[in-house]
Structure formats: C-alpha cells, structure tokens
file start.cif (mmCIF, C-alpha atoms and all ligand atoms)
data_final
loop_
_atom_site.label_atom_id
_atom_site.label_comp_id
_atom_site.auth_asym_id
_atom_site.auth_seq_id
_atom_site.Cartn_x
_atom_site.Cartn_y
_atom_site.Cartn_z
CA MET A 234 -14.14 -13.21 2.48
CA ASP A 235 -13.41 -10.99 5.47
CA LYS A 236 -11.16 -8.00 4.98
CA VAL A 237 -9.37 -5.27 6.89
CA PHE A 238 -8.79 -2.06 4.97
CA ILE A 239 -6.91 1.20 5.14
CA GLU A 240 -8.41 4.09 3.20
CA GLN A 241 -6.75 7.21 1.80
CA LEU A 242 -3.34 6.69 3.41
CA GLU A 243 -1.36 9.75 2.32
CA VAL A 244 2.44 9.51 2.13
CA SER A 245 5.21 11.71 0.70
CA THR A 246 8.19 10.26 -1.10
CA SER A 247 10.77 10.60 -3.85
CA ILE A 248 8.92 9.18 -6.86
CA GLY A 249 9.09 9.72 -10.59
CA VAL A 250 10.90 8.95 -13.81
CA TYR A 251 12.21 12.45 -14.47
CA ASP A 252 15.35 14.01 -12.92
CA TRP A 253 13.40 16.90 -11.37
CA GLU A 254 11.13 14.42 -9.65
CA GLN A 255 14.05 12.84 -7.84
CA LYS A 256 14.79 16.20 -6.17
CA ILE A 257 11.36 16.70 -4.60
CA LYS A 258 8.78 14.79 -2.56
CA GLN A 259 5.39 13.98 -4.06
CA LYS A 260 2.20 12.69 -2.55
CA LEU A 261 0.79 9.21 -2.98
CA VAL A 262 -2.58 8.10 -1.67
CA LEU A 263 -3.19 4.41 -1.01
CA ASP A 264 -6.33 2.38 -0.46
CA ILE A 265 -5.46 -1.09 0.80
CA GLU A 266 -7.72 -4.11 1.27
CA MET A 267 -6.37 -7.22 2.97
CA ALA A 268 -8.03 -10.60 3.33
CA TYR A 269 -8.16 -11.55 7.00
CA ASP A 270 -10.46 -13.84 8.94
CA ASN A 271 -12.03 -11.46 11.47
CA ARG A 272 -14.14 -14.07 13.28
CA LEU A 273 -11.68 -14.76 16.13
CA ALA A 274 -11.15 -11.06 16.86
CA GLY A 275 -14.92 -10.58 16.61
CA ARG A 276 -15.42 -13.14 19.37
CA SER A 277 -12.42 -12.38 21.62
CA ASP A 278 -12.51 -8.58 21.31
CA ASN A 279 -8.71 -8.79 21.65
CA ILE A 280 -6.23 -6.95 19.40
CA VAL A 281 -3.84 -9.94 19.39
CA ASP A 282 -6.40 -11.81 17.28
CA ALA A 283 -6.89 -8.95 14.85
CA LEU A 284 -4.91 -7.73 11.87
CA ASP A 285 -3.68 -4.53 13.51
CA TYR A 286 -4.14 -1.83 10.86
CA SER A 287 -1.98 0.58 12.91
CA LYS A 288 0.98 -1.78 12.51
CA VAL A 289 0.26 -2.26 8.81
CA ASN A 290 0.09 1.52 8.40
CA GLU A 291 3.42 2.00 10.20
CA LEU A 292 5.19 -0.61 8.06
CA ILE A 293 3.88 0.79 4.78
CA SER A 294 4.40 4.47 5.60
CA THR A 295 7.96 3.93 6.83
CA HIS A 296 8.86 1.88 3.75
CA ILE A 297 7.47 4.35 1.23
CA GLU A 298 8.63 7.54 2.95
CA SER A 299 12.20 6.31 3.39
CA GLY A 300 12.55 4.96 -0.15
CA ARG A 301 13.35 6.37 -3.60
CA PHE A 302 11.31 5.14 -6.54
CA PHE A 303 10.90 5.73 -10.26
CA LEU A 304 7.57 4.00 -10.93
CA ILE A 305 4.40 3.81 -8.87
CA GLU A 306 4.16 0.18 -10.01
CA ARG A 307 7.24 -0.63 -7.93
CA VAL A 308 5.80 1.07 -4.84
CA ALA A 309 2.57 -0.94 -5.13
CA GLU A 310 4.45 -4.20 -5.71
CA GLU A 311 6.76 -3.68 -2.71
CA VAL A 312 3.87 -2.77 -0.43
CA ALA A 313 2.03 -5.96 -1.43
CA GLU A 314 5.13 -8.09 -0.81
CA LEU A 315 5.89 -6.44 2.54
CA VAL A 316 2.39 -6.78 3.95
CA MET A 317 2.12 -10.44 2.92
CA ALA A 318 5.57 -11.20 4.36
CA TYR A 319 5.00 -9.53 7.75
CA PHE A 320 1.35 -10.32 8.38
CA SER A 321 -0.97 -13.25 7.99
CA VAL A 322 -2.48 -11.85 4.81
CA SER A 323 -2.92 -14.15 1.81
CA TRP A 324 -4.57 -11.65 -0.56
CA ILE A 325 -4.16 -7.92 -0.97
CA ARG A 326 -5.60 -5.23 -3.24
CA ILE A 327 -3.81 -1.91 -3.53
CA ARG A 328 -5.08 1.22 -5.27
CA LEU A 329 -2.30 3.77 -5.49
CA LEU A 330 -2.90 7.34 -6.68
CA LYS A 331 -0.09 9.79 -7.51
CA LEU A 332 -1.49 13.26 -6.97
CA GLY A 333 -1.03 16.21 -9.31
CA VAL A 334 0.46 14.45 -12.33
CA ILE A 335 -2.41 14.92 -14.77
CA PRO A 336 -2.99 18.59 -15.76
CA LYS A 337 -6.77 18.39 -15.70
CA GLY A 338 -7.14 15.50 -13.30
CA LYS A 339 -6.63 14.71 -9.64
CA GLY A 340 -3.90 12.21 -10.39
CA ALA A 341 -3.07 8.86 -11.94
CA GLY A 342 -2.44 5.46 -10.49
CA VAL A 343 -2.45 1.71 -10.48
CA VAL A 344 -4.52 -1.04 -8.96
CA ILE A 345 -2.93 -4.40 -8.18
CA GLU A 346 -4.18 -7.58 -6.57
CA ARG A 347 -1.71 -10.16 -5.27
CA SER A 348 -2.10 -13.53 -3.56
CA LYS A 349 0.34 -15.67 -1.62
CA ARG A 350 1.12 -18.82 -3.52
CA ARG A 351 0.01 -21.96 -1.64
CA MET A 352 2.90 -24.32 -0.75
N1 LIG B 401 2.48 3.63 -15.59
C1 LIG B 401 3.21 4.72 -15.18
N2 LIG B 401 3.26 5.79 -15.98
C2 LIG B 401 3.99 6.86 -15.59
C3 LIG B 401 4.67 6.89 -14.36
C4 LIG B 401 4.57 5.74 -13.53
O1 LIG B 401 5.13 5.66 -12.41
N3 LIG B 401 3.84 4.66 -13.97
N4 LIG B 401 5.37 8.00 -14.00
C5 LIG B 401 5.42 9.07 -14.77
C6 LIG B 401 6.13 10.30 -14.33
O2 LIG B 401 6.93 10.11 -13.19
C7 LIG B 401 5.06 11.38 -14.11
O3 LIG B 401 4.29 11.08 -12.94
C8 LIG B 401 5.63 12.76 -13.96
O4 LIG B 401 4.62 13.71 -14.11
C9 LIG B 401 4.80 9.12 -16.09
N5 LIG B 401 4.05 7.93 -16.41
#
call {"tool": "encode", "arguments": {"input": "start.cif", "output": "structure tokens"}}
result
Amino acid sequence: MDKVFIEQLEVSTSIGVYDWEQKIKQKLVLDIEMAYDNRLAGRSDNIVDALDYSKVNELISTHIESGRFFLIERVAEEVAELVMAYFSVSWIRIRLLKLGVIPKGKGAGVVIERSKRRM
C-alpha cells in the first residue's frame, strides 16, 4: 500500500482535562500516515495527481490550533475524520504525542488507525 506521511508536526493548542490546562497552550506532536495511490503522481510528476501534504498540514494545523479540547483522543479522532472527509484517503494512522505531561518522560500519547467504510 502506498502512503504519504507527515512527520513530527508540532502544534500548540488548548488541551487538557484540568482547569489550569484550559488557560494555557500546550504542544502536541503528530505523525500521520495516509494511504494514497502514488502511481499516477509518480508518472505525471504533477501536484494535481498527488496527495498534497502541504494542504493536509494546513487543514490539520488550523483545526487543532483554533480548537479547545479536553482529551488527546478527541484531537486524534477529529484529525482522522477531517483528513478522510477532505481528501481521497481511505486509511489513516495517527500517532499523537502530548509533550511534557509525564514527569520523567518526553510525553504521552495515542495511536489510532481509521478506515473509510466502503459503501
Ligand atoms: N488517555 C488520556 N489520559 C489523560 C489525558 C488524555 O487526554 N488522554 N489527559 C490528561 C491530562 O490532561 C494531563 O495531560 C495533564 O497533565 C491525563 N490523562
């Protein structure tokens, strides 16, 4: 299966279950893999045939940075739904890391995989 991916996308947003967390911005780092048939773009060398990762990045960053969330699970779920709704992506894997929330660790996070249901 071909894929297009975005690695280590860093965004700041209002995220967390505690009151103090709703008053600050915290950093999330996302790794995103999307199933996409790259053969046409590989032959045509034309961006119109490719899954444009710049556009995916813009959509995701704008959504997360303008939102307010309690759980990282919700962020991951909404990103998966958005990308599959706006682009021709039938499968997505998201690894989302919330930085600085584990005293002796880099962070904590979730990994989700979602597929579009066939009609
Ligand atoms: N599974 C999750 N566990 C926790 C979350 C979360 O979003 N998903 N969030 C928190 C707090 O917001 C924490 O990050 C504050 O330090 C705790 N556990």
call {"tool": "residues_around", "arguments": {"input": "start.cif", "residues": "A:Tyr286", "least_positions_apart": "5", "cutoff": "8 Å", "atoms": "only C-alpha atoms", "output": "ChimeraX atom specification"}}
result
/A:237-239
call {"tool": "closest_residue", "arguments": {"input": "start.cif", "among": "A:Ile327, A:Val281, A:Val244, A:Ile305", "to": "ligand LIG 401 (chain B)", "atoms": "all atoms listed in the file"}}
result
A:Ile305
call {"tool": "atom_distance", "arguments": {"input": "start.cif", "atom1": "atom CA of A:Ala309", "atom2": "atom CA of A:Leu273"}}
result
29.1 Å
call {"tool": "residues_near_ligand", "arguments": {"input": "start.cif", "ligand": "ligand LIG 401 (chain B)", "cutoff": "12 Å", "atoms": "all atoms listed in the file", "output": "JSON, numbers by chain"}}
result
{"A": [247, 248, 249, 250, 251, 252, 253, 254, 255, 257, 258, 259, 260, 261, 302, 303, 304, 305, 306, 307, 308, 309, 310, 329, 330, 331, 332, 333, 334, 335, 336, 338, 339, 340, 341, 342, 343, 344]}
call {"tool": "atom_distance", "arguments": {"input": "start.cif", "atom1": "atom CA of A:Leu284", "atom2": "atom CA of A:Val316"}}
result
10.8 Å
call {"tool": "residues_near_point", "arguments": {"input": "start.cif", "point": "(-5.9, 6.2, 3.8)", "cutoff": "8 Å", "atoms": "all atoms listed in the file", "output": "count of residues only"}}
result
9
call {"tool": "atom_distance", "arguments": {"input": "start.cif", "atom1": "atom CA of A:Ser294", "atom2": "atom CA of A:Ala313"}}
result
12.8 Å
call {"tool": "residues_around", "arguments": {"input": "start.cif", "residues": "A:Phe320", "least_positions_apart": "4", "cutoff": "12 Å", "atoms": "all atoms listed in the file", "output": "list of chain:residue names"}}
result
A:Val237, A:Met267, A:Ala268, A:Tyr269, A:Asp282, A:Ala283, A:Leu284, A:Asp285, A:Tyr286, A:Lys288, A:Val289, A:Asn290, A:Leu292, A:Ile293, A:Val312, A:Ala313, A:Glu314, A:Leu315, A:Val316, A:Trp324, A:Ile325, A:Lys349
call {"tool": "closest_residue", "arguments": {"input": "start.cif", "among": "A:Lys256, A:Ala274, A:Arg347, A:Ser245", "to": "A:Ile297", "atoms": "all atoms listed in the file"}}
result
A:Ser245
call {"tool": "decode", "arguments": {"input": "start.cif", "residues": "stretch 246-261 of chain A", "atoms": "N, CA and C atoms", "output": "mmCIF file, in the first residue's frame"}}
result
data_model
loop_
_atom_site.group_PDB
_atom_site.id
_atom_site.type_symbol
_atom_site.label_atom_id
_atom_site.label_comp_id
_atom_site.auth_asym_id
_atom_site.auth_seq_id
_atom_site.Cartn_x
_atom_site.Cartn_y
_atom_site.Cartn_z
ATOM 1 N N THR A 246 -2.006 24.139 21.299
ATOM 2 C CA THR A 246 -3.452 24.308 21.446
ATOM 3 C C THR A 246 -3.870 24.252 22.910
ATOM 4 N N SER A 247 -5.150 24.536 23.135
ATOM 5 C CA SER A 247 -5.745 24.425 24.456
ATOM 6 C C SER A 247 -6.203 22.972 24.623
ATOM 7 N N ILE A 248 -5.495 22.229 25.489
ATOM 8 C CA ILE A 248 -5.754 20.785 25.591
ATOM 9 C C ILE A 248 -5.499 20.309 27.015
ATOM 10 N N GLY A 249 -6.470 19.600 27.572
ATOM 11 C CA GLY A 249 -6.251 19.029 28.895
ATOM 12 C C GLY A 249 -7.514 18.962 29.722
ATOM 13 N N VAL A 250 -7.514 18.040 30.680
ATOM 14 C CA VAL A 250 -8.717 17.795 31.473
ATOM 15 C C VAL A 250 -8.804 18.677 32.719
ATOM 16 N N TYR A 251 -7.704 19.324 33.057
ATOM 17 C CA TYR A 251 -7.705 20.165 34.270
ATOM 18 C C TYR A 251 -7.961 21.633 33.935
ATOM 19 N N ASP A 252 -8.549 22.367 34.914
ATOM 20 C CA ASP A 252 -8.878 23.784 34.690
ATOM 21 C C ASP A 252 -7.663 24.588 34.237
ATOM 22 N N TRP A 253 -6.524 24.375 34.916
ATOM 23 C CA TRP A 253 -5.315 25.163 34.575
ATOM 24 C C TRP A 253 -4.869 24.913 33.140
ATOM 25 N N GLU A 254 -5.188 23.736 32.643
ATOM 26 C CA GLU A 254 -4.763 23.421 31.274
ATOM 27 C C GLU A 254 -5.578 24.181 30.229
ATOM 28 N N GLN A 255 -6.779 24.566 30.618
ATOM 29 C CA GLN A 255 -7.639 25.301 29.685
ATOM 30 C C GLN A 255 -7.217 26.767 29.567
ATOM 31 N N LYS A 256 -6.275 27.189 30.438
ATOM 32 C CA LYS A 256 -5.834 28.595 30.413
ATOM 33 C C LYS A 256 -4.492 28.772 29.710
ATOM 34 N N ILE A 257 -3.909 27.693 29.250
ATOM 35 C CA ILE A 257 -2.599 27.767 28.588
ATOM 36 C C ILE A 257 -2.640 27.006 27.254
ATOM 37 N N LYS A 258 -1.569 27.162 26.494
ATOM 38 C CA LYS A 258 -1.408 26.359 25.268
ATOM 39 C C LYS A 258 -0.347 25.299 25.538
ATOM 40 N N GLN A 259 -0.572 24.089 25.017
ATOM 41 C CA GLN A 259 0.421 23.026 25.163
ATOM 42 C C GLN A 259 0.731 22.428 23.796
ATOM 43 N N LYS A 260 1.900 21.803 23.750
ATOM 44 C CA LYS A 260 2.363 21.300 22.454
ATOM 45 C C LYS A 260 1.973 19.849 22.204
ATOM 46 N N LEU A 261 1.502 19.616 20.986
ATOM 47 C CA LEU A 261 1.234 18.258 20.507
ATOM 48 C C LEU A 261 2.114 18.000 19.292
#
